[in-house]
Every structure is written in C-alpha cells, then in structure tokens.
$ cat protein.cif   # mmCIF, C-alpha atoms and all ligand atoms
data_work
#
loop_
_atom_site.label_atom_id
_atom_site.label_comp_id
_atom_site.auth_asym_id
_atom_site.auth_seq_id
_atom_site.Cartn_x
_atom_site.Cartn_y
_atom_site.Cartn_z
CA MET A 1205 63.41 86.96 76.23
CA PHE A 1206 60.48 86.82 78.60
CA LYS A 1207 59.92 83.71 80.59
CA LYS A 1208 56.36 82.43 80.75
CA LEU A 1209 55.02 81.82 84.22
CA PHE A 1210 53.41 78.61 83.09
CA SER A 1211 53.98 75.91 80.55
CA GLN A 1212 51.74 75.56 77.51
CA LYS A 1213 51.39 71.92 78.41
CA GLN A 1214 48.01 70.62 79.45
CA SER A 1215 47.62 68.48 82.52
CA GLN A 1216 47.15 64.90 81.46
CA PRO A 1217 43.66 63.38 81.54
CA ASP A 1218 44.82 60.54 83.79
CA GLU A 1219 45.65 62.96 86.58
CA ALA A 1220 43.46 62.43 89.62
CA ASP A 1221 40.08 64.07 89.59
CA HIS A 1222 40.02 67.45 91.22
CA PRO A 1223 39.41 67.02 94.95
CA LEU A 1224 36.82 69.80 95.06
CA THR A 1225 34.50 68.88 92.25
CA GLY A 1226 35.59 65.65 90.65
CA LEU A 1227 35.58 67.54 87.38
CA GLY A 1228 38.95 66.13 86.32
CA LEU A 1229 41.18 68.13 84.01
CA ILE A 1230 40.93 71.82 84.90
CA PRO A 1231 41.83 74.36 82.20
CA GLU A 1232 44.81 76.43 83.33
CA HIS A 1233 43.66 79.63 81.66
CA ILE A 1234 40.00 80.53 81.16
CA ALA A 1235 39.06 83.68 79.25
CA ILE A 1236 35.53 85.05 79.40
CA ILE A 1237 33.65 87.56 77.26
CA MET A 1238 31.11 88.70 79.82
CA ASP A 1239 28.09 89.66 77.74
CA GLY A 1240 24.41 90.30 78.35
CA ASN A 1241 24.40 92.75 81.26
CA GLY A 1242 22.27 95.25 79.36
CA ARG A 1243 19.68 92.64 78.30
CA TRP A 1244 19.52 91.27 81.83
CA ALA A 1245 18.60 94.74 83.10
CA THR A 1246 16.20 95.57 80.26
CA LYS A 1247 14.29 92.32 80.88
CA ARG A 1248 13.68 93.59 84.40
CA SER A 1249 12.82 97.14 83.33
CA LEU A 1250 16.00 98.35 85.01
CA PRO A 1251 18.59 100.74 83.61
CA ARG A 1252 21.48 99.04 81.79
CA ILE A 1253 23.91 100.00 84.53
CA ALA A 1254 21.98 97.80 86.96
CA GLY A 1255 23.00 94.89 84.74
CA HIS A 1256 26.65 95.91 84.91
CA HIS A 1257 26.41 96.15 88.68
CA GLU A 1258 24.93 92.68 88.89
CA GLY A 1259 27.63 91.51 86.48
CA MET A 1260 30.22 92.77 88.93
CA LYS A 1261 28.81 90.41 91.57
CA THR A 1262 29.15 87.56 89.08
CA VAL A 1263 32.82 88.51 88.66
CA ARG A 1264 33.30 87.94 92.38
CA LYS A 1265 31.43 84.61 92.33
CA ILE A 1266 33.29 83.24 89.32
CA THR A 1267 36.68 84.45 90.58
CA ARG A 1268 36.15 82.60 93.86
CA HIS A 1269 35.01 79.46 92.11
CA ALA A 1270 37.82 79.48 89.54
CA ASN A 1271 40.35 79.97 92.32
CA ASP A 1272 38.85 77.10 94.33
CA LEU A 1273 39.03 74.87 91.26
CA GLY A 1274 42.73 75.60 90.82
CA VAL A 1275 42.43 77.61 87.61
CA LYS A 1276 45.68 79.55 87.19
CA VAL A 1277 44.54 82.49 85.08
CA LEU A 1278 41.07 84.00 84.63
CA THR A 1279 40.97 86.70 81.97
CA LEU A 1280 37.79 88.79 81.95
CA TYR A 1281 36.84 91.16 79.14
CA ALA A 1282 35.63 94.10 81.24
CA PHE A 1283 35.88 97.00 78.78
CA SER A 1284 36.88 97.05 75.13
CA THR A 1285 38.48 99.90 73.22
CA GLU A 1286 35.17 100.05 71.30
CA ASN A 1287 33.08 100.47 74.49
CA TRP A 1288 34.00 104.19 74.65
CA THR A 1289 31.30 104.78 72.00
CA ARG A 1290 28.55 103.90 74.52
CA PRO A 1291 26.53 106.67 76.19
CA LYS A 1292 28.71 108.83 78.46
CA LYS A 1293 26.80 107.85 81.61
CA GLU A 1294 27.26 104.13 80.93
CA VAL A 1295 30.98 104.59 80.24
CA GLU A 1296 31.38 106.57 83.45
CA PHE A 1297 29.61 103.84 85.38
CA LEU A 1298 31.76 101.11 83.82
CA MET A 1299 34.89 103.10 84.70
CA ARG A 1300 33.73 103.29 88.33
CA LEU A 1301 33.09 99.55 88.58
CA PRO A 1302 36.71 98.43 89.04
CA GLU A 1303 36.92 100.90 91.93
CA GLU A 1304 33.78 99.55 93.53
CA PHE A 1305 34.75 95.95 92.93
CA LEU A 1306 38.27 96.35 94.26
CA GLY A 1307 37.16 98.71 97.04
CA THR A 1308 34.78 96.00 98.26
CA TYR A 1309 36.58 92.77 97.47
CA LEU A 1310 40.31 93.52 97.54
CA PRO A 1311 40.73 92.25 101.13
CA GLU A 1312 39.02 89.00 100.08
CA LEU A 1313 41.24 88.69 97.00
CA VAL A 1314 44.32 89.23 99.15
CA GLU A 1315 43.12 86.64 101.66
CA ARG A 1316 42.47 84.14 98.88
CA ASN A 1317 45.94 84.65 97.39
CA VAL A 1318 44.55 86.08 94.12
CA ARG A 1319 46.81 88.29 92.02
CA VAL A 1320 45.15 91.14 90.12
CA GLN A 1321 46.53 92.24 86.77
CA ILE A 1322 45.23 94.18 83.83
CA MET A 1323 45.88 94.17 80.12
CA GLY A 1324 44.87 97.07 77.92
CA ASP A 1325 45.61 100.74 77.41
CA PHE A 1326 46.11 101.63 81.07
CA ASP A 1327 47.28 105.21 80.48
CA SER A 1328 44.01 106.22 78.77
CA LEU A 1329 41.87 105.14 81.73
CA PRO A 1330 40.48 107.84 84.05
CA THR A 1331 42.86 108.60 86.91
CA HIS A 1332 40.47 107.21 89.54
CA THR A 1333 40.27 103.87 87.68
CA GLN A 1334 44.05 103.74 87.27
CA ARG A 1335 44.53 104.41 90.97
CA ALA A 1336 42.17 101.62 92.08
CA VAL A 1337 43.67 99.08 89.70
CA GLN A 1338 47.26 100.06 90.51
CA LYS A 1339 46.59 99.68 94.23
CA ALA A 1340 45.12 96.21 93.68
CA MET A 1341 48.05 95.17 91.48
CA ASP A 1342 50.54 96.43 94.06
CA GLU A 1343 48.82 94.80 97.02
CA THR A 1344 48.48 91.43 95.31
CA LYS A 1345 51.74 91.31 93.36
CA ASP A 1346 53.29 88.60 95.56
CA ASN A 1347 50.19 86.40 95.60
CA THR A 1348 50.69 83.01 94.03
CA GLY A 1349 47.10 81.82 93.49
CA LEU A 1350 44.76 82.65 90.63
CA ILE A 1351 45.77 85.51 88.35
CA LEU A 1352 42.67 87.64 87.84
CA ASN A 1353 43.51 89.38 84.59
CA PHE A 1354 41.10 92.15 83.63
CA ALA A 1355 41.05 93.13 79.96
CA LEU A 1356 40.29 96.80 80.54
CA ASN A 1357 40.34 99.26 77.67
CA TYR A 1358 41.61 96.32 75.65
CA GLY A 1359 41.47 95.69 71.91
CA SER A 1360 43.26 92.82 70.28
CA ARG A 1361 44.05 94.54 66.98
CA ALA A 1362 45.57 97.50 68.84
CA GLU A 1363 47.60 95.03 70.90
CA ILE A 1364 48.89 93.34 67.74
CA VAL A 1365 49.65 96.69 66.07
CA GLN A 1366 51.65 97.79 69.11
CA ALA A 1367 53.57 94.48 69.07
CA MET A 1368 54.33 94.83 65.35
CA LYS A 1369 55.58 98.39 65.85
CA ALA A 1370 57.90 97.29 68.67
CA ILE A 1371 59.25 94.46 66.52
CA ALA A 1372 59.71 96.76 63.50
CA HIS A 1373 61.69 99.22 65.66
CA ALA A 1374 63.84 96.40 67.03
CA VAL A 1375 64.58 95.23 63.48
CA LYS A 1376 65.37 98.79 62.37
CA GLN A 1377 67.78 99.21 65.27
CA GLY A 1378 69.47 95.91 64.44
CA LYS A 1379 68.35 94.32 67.72
CA LEU A 1380 66.35 91.70 65.82
CA GLU A 1381 66.89 90.10 62.42
CA PRO A 1382 63.81 89.61 60.20
CA GLU A 1383 64.36 85.85 60.63
CA ASP A 1384 63.90 86.30 64.39
CA VAL A 1385 60.27 87.31 63.85
CA THR A 1386 58.62 84.03 64.75
CA ASP A 1387 55.39 82.97 66.48
CA GLN A 1388 57.24 83.06 69.76
CA CYS A 1389 58.73 86.49 69.09
CA ILE A 1390 55.29 87.94 68.37
CA ALA A 1391 53.77 86.28 71.45
CA GLU A 1392 56.55 87.81 73.54
CA HIS A 1393 55.53 91.30 72.41
CA LEU A 1394 51.86 90.91 73.37
CA MET A 1395 50.29 91.96 76.66
CA THR A 1396 49.98 88.30 77.60
CA LYS A 1397 53.70 87.62 77.22
CA HIS A 1398 53.96 86.29 80.79
CA LEU A 1399 50.88 84.04 80.54
CA MET A 1400 50.03 80.77 78.88
CA GLU A 1401 47.43 80.93 76.10
CA PRO A 1402 43.79 80.40 77.12
CA ASP A 1403 42.63 76.78 77.13
CA LEU A 1404 38.97 77.69 77.25
CA LEU A 1405 37.05 80.73 76.00
CA ILE A 1406 33.55 81.34 77.28
CA ARG A 1407 31.11 83.90 75.87
CA THR A 1408 27.77 84.44 77.53
CA SER A 1409 24.44 85.78 76.24
CA GLY A 1410 24.15 83.83 73.00
CA GLU A 1411 26.46 86.02 70.89
CA VAL A 1412 28.90 83.95 68.85
CA ARG A 1413 31.78 86.24 67.95
CA LEU A 1414 35.14 87.33 69.31
CA SER A 1415 34.64 91.11 69.33
CA ASN A 1416 38.35 91.93 69.01
CA PHE A 1417 39.33 89.75 71.98
CA MET A 1418 42.68 87.93 72.15
CA LEU A 1419 42.74 87.17 68.41
CA TRP A 1420 46.31 85.85 68.49
CA GLN A 1421 46.11 84.01 71.77
CA LEU A 1422 42.91 82.10 70.97
CA ALA A 1423 44.40 80.23 67.99
CA TYR A 1424 44.11 76.80 69.67
CA THR A 1425 41.62 77.61 72.42
CA GLU A 1426 38.42 75.62 72.89
CA PHE A 1427 35.32 77.84 72.63
CA TRP A 1428 32.12 77.46 74.64
CA PHE A 1429 29.08 79.66 74.11
CA THR A 1430 26.06 79.86 76.34
CA ASP A 1431 22.75 81.72 76.15
CA VAL A 1432 22.99 82.53 79.86
CA LEU A 1433 23.35 86.28 80.46
CA TRP A 1434 26.45 87.23 82.44
CA PRO A 1435 24.60 88.36 85.61
CA ASP A 1436 22.95 84.89 85.70
CA PHE A 1437 26.19 82.99 85.08
CA ASP A 1438 27.14 80.94 88.15
CA GLU A 1439 29.35 78.16 89.47
CA ALA A 1440 27.22 75.47 87.81
CA CYS A 1441 27.62 77.22 84.43
CA LEU A 1442 31.40 77.30 84.85
CA ASN A 1443 31.39 73.63 85.82
CA GLU A 1444 29.35 72.83 82.72
CA ALA A 1445 31.80 74.71 80.50
CA ILE A 1446 34.71 72.83 82.05
CA GLN A 1447 32.96 69.49 81.62
CA VAL A 1448 32.41 70.23 77.93
CA PHE A 1449 36.08 71.26 77.65
CA GLN A 1450 37.14 67.98 79.23
CA LYS A 1451 35.39 66.03 76.48
CA ARG A 1452 37.04 67.98 73.69
CA ASN A 1453 39.90 66.40 71.80
CA ARG A 1454 42.64 69.01 71.44
CA ARG A 1455 44.89 68.10 68.54
CA TYR A 1456 46.65 71.41 67.85
CA GLY A 1457 46.45 70.69 64.11
CA GLY A 1458 47.93 67.20 64.45
CA LEU A 1459 46.31 63.78 64.40
CA GLU A 1460 45.15 61.95 67.47
CA GLY A 1461 47.71 59.54 68.89
CA GLU A 1462 50.17 60.09 66.04
CA SER A 1463 53.40 61.99 66.15
CA LYS A 1464 56.51 61.93 63.98
C1 LIG B 1501 28.77 93.52 77.90
O1 LIG B 1501 27.39 93.48 78.16
C2 LIG B 1501 29.47 93.85 79.13
C3 LIG B 1501 30.29 94.92 79.28
C4 LIG B 1501 30.61 95.85 78.19
C5 LIG B 1501 30.88 95.24 80.57
C6 LIG B 1501 31.29 94.05 81.36
C7 LIG B 1501 31.52 94.45 82.73
C8 LIG B 1501 31.17 93.72 83.80
C9 LIG B 1501 30.57 92.39 83.72
C10 LIG B 1501 31.44 94.19 85.15
C11 LIG B 1501 32.92 94.32 85.29
C12 LIG B 1501 33.33 94.28 86.63
C13 LIG B 1501 34.53 94.65 87.03
C14 LIG B 1501 34.93 94.30 88.36
C15 LIG B 1501 35.47 95.41 86.20
P1 LIG B 1501 26.45 94.45 77.35
O2 LIG B 1501 26.35 95.72 78.10
O3 LIG B 1501 26.98 94.59 75.95
O4 LIG B 1501 25.12 93.66 77.39
P2 LIG B 1501 24.02 93.62 76.22
O5 LIG B 1501 24.68 93.00 75.02
O6 LIG B 1501 22.95 92.77 76.80
O7 LIG B 1501 23.60 95.04 75.97
#
$ encode --input "protein.cif" --output "structure tokens" --more "lines below"
Ligand code: FPP
Amino acid sequence: MFKKLFSQKQSQPDEADHPLTGLGLIPEHIAIIMDGNGRWATKRSLPRIAGHHEGMKTVRKITRHANDLGVKVLTLYAFSTENWTRPKKEVEFLMRLPEEFLGTYLPELVERNVRVQIMGDFDSLPTHTQRAVQKAMDETKDNTGLILNFALNYGSRAEIVQAMKAIAHAVKQGKLEPEDVTDQCIAEHLMTKHLMEPDLLIRTSGEVRLSNFMLWQLAYTEFWFTDVLWPDFDEACLNEAIQVFQKRNRRYGGLEGESK
C-alpha cells in the first residue's frame, strides 16, 4: 500500500481568504496542458522553438506564483509520448529545455523549497535530459513546498496499460485477488500514486481536449480552458482560473447538501 502525501479532501470554503491574494480556496493540485507555443511564435514570424523557449519562462513565472499561493502540486504537460513525431530539430530542442530550465532556475527552486518530480517514461529520454532531471530531483527531494511535477514523455494510456500489466502480474502470482482490483488499487499503480488527484485542469490556446493527459486522475477535476497562448499566460490568468474554480460546485456525483 502506498500512502498518499495529501488527502483528497478539499479545504473548506469558510477557511480564511488566502493572505497573499484574497482568492480564498486554493486548489491543492493544478494540472496544466501548456499549449500554443508554436502559434505564439508563428504570429511573430519566429521559429516554433522560440515559442517553446518563451513557454519555458512562463513555467518559471507560474511555478513561482503557484508556490506563493500555497498550491501543493503543479503538474505541467511538457512532452507527450506523441510529441516524438514532431520534426527532429523541434524534439531535440524540447529535450534540451529541461536542462536549460533547471540549469538556470534550480538554485531558485531550491531556495523556494520547491520539489521537482517527473512522471513519464524516464528511461527513454536522452541521457542529457535524464541527467538534468535526476539532479534536480535529487537536490530538491527534501523540499516541502510546491511539488513541480513535469509530465515528460508522458502518455496516459501507456500509464494505464503499465498499471494494468502490474496488477495482472500480481494477480497471476497470487499477490492480489481479482476482488482486490478496486479504484484505489488502480490509482496506487499509476505514476501519481503518491499525489492527490488534480482539483483544477487548465488548457491554454483555445484547444478543448485532453490529448492523452491524466485520463484516470481527471475524473472529478474541474476544467478551465482559455484562448491565451501559453507564452502569454501569466499570474493574472492563473488567478482568474482559480477564481472560476472557487465558484464551481463540486459534487463528486452526489447532490448538494445531501448525504446518506
Ligand atoms: C504545446 O504547444 C507545447 C509543447 C508540446 C511543449 C511544452 C513545453 C513548454 C511549455 C516548455 C517546457 C519547459 C520545461 C521547463 C520543460 P505547441 O507546440 O503544440 O503549440 P501550437 O499548438 O501552437 O503549435
């Protein structure tokens, strides 16, 4: 059994407003599909990679802001298992970005008590990417502030397939009974087993789809879509998303104010 770092429970709306922003209830886990880097660059007659580079700066900005707000986990979709089909030069650039980001900002992340983690197929990443990410994970492993969780070479279906295989093996070996295969059992075999599920999902750039991102974990998550392109996304955009989230009525399939 794995123990979750955090409860699934939401803070209650009557808790005092957040001292920093007065926003009130802050989602514990925010997941973001960072989209629109290419369009941002094309609009400026720049190569697509310029958009990714600018997007990296947004990662820094939003990480700082989320940490200041008291968000516990920020999961960022940085590279999907499908992104390998992009032109070689773009893929190579994207695989260098974690190195540049962490090479530049790791001291700041350490100072701000941020813990870096990744979820995805780590072993298939280029060695230089693995090295940069591993160093950041090692140096921040004891930090107790925001968990900055990069989805890197991540695909949700692959994640679920891998979980199902592990469960099937455990059943075959007699370590699990078929009756033991519950919601909780499946969740405990996913890459997010140590995290609470996202409270809020944000996707930028006007696209309204999940693109193979956290399909299991988003079952009860509130979604917020914006036309803003990721390089233009800023603190005010995150505040707006949180304010919308605060007005949502999360019922988890039940009825408001009624329980058995
Ligand atoms: C989607 O935009 C974005 C990506 C595939 C890459 C996201 C990566 C970053 C924002 C930088 C990551 C930074 C670190 C530190 C790892 P797109 O290229 O699909 O944009 P488009 O839809 O406008 O073409």
$ residues_near_ligand --input "protein.cif" --ligand "ligand LIG 1501 (chain B)" --cutoff "8 Å" --atoms "all atoms listed in the file" --output "PyMOL selection string"
chain A and resi 1237-1245+1252+1255-1264+1281-1284+1287+1298-1299+1301-1306+1354+1356+1409+1433-1435
$ atom_distance --input "protein.cif" --atom1 "CA of Val1412 (chain A)" --atom2 "CA of Glu1439 (chain A)"
21.4 Å
$ residues_around --input "protein.cif" --residues "region 1265-1277 of chain A" --least-positions-apart "3" --cutoff "8 Å" --atoms "all atoms listed in the file" --output "count of residues only"
20
$ residues_around --input "protein.cif" --residues "region 1446-1450 of chain A" --least-positions-apart "4" --cutoff "10 Å" --atoms "all atoms listed in the file" --output "PyMOL selection string"
chain A and resi 1217+1227-1231+1234+1403-1406+1425-1428+1440-1442+1454
$ atom_distance --input "protein.cif" --atom1 "CA of Leu1419 (chain A)" --atom2 "CA of Arg1290 (chain A)"
22.8 Å
$ closest_residue --input "protein.cif" --among "A:Pro1330, A:Gly1410, A:Gly1378, A:Gly1226" --to "Arg1300 (chain A)" --atoms "all atoms listed in the file"
A:Pro1330
$ axis_aligned_box --input "protein.cif" --around "region 1406-1414 of chain A" --padding-each-side "3 Å" --output "JSON"
{"center_x": 29.6, "center_y": 84.3, "center_z": 72.7, "size_x": 17.0, "size_y": 12.0, "size_z": 15.6}
$ atom_distance --input "protein.cif" --atom1 "CA of Ala1367 (chain A)" --atom2 "CA of Met1323 (chain A)"
13.5 Å
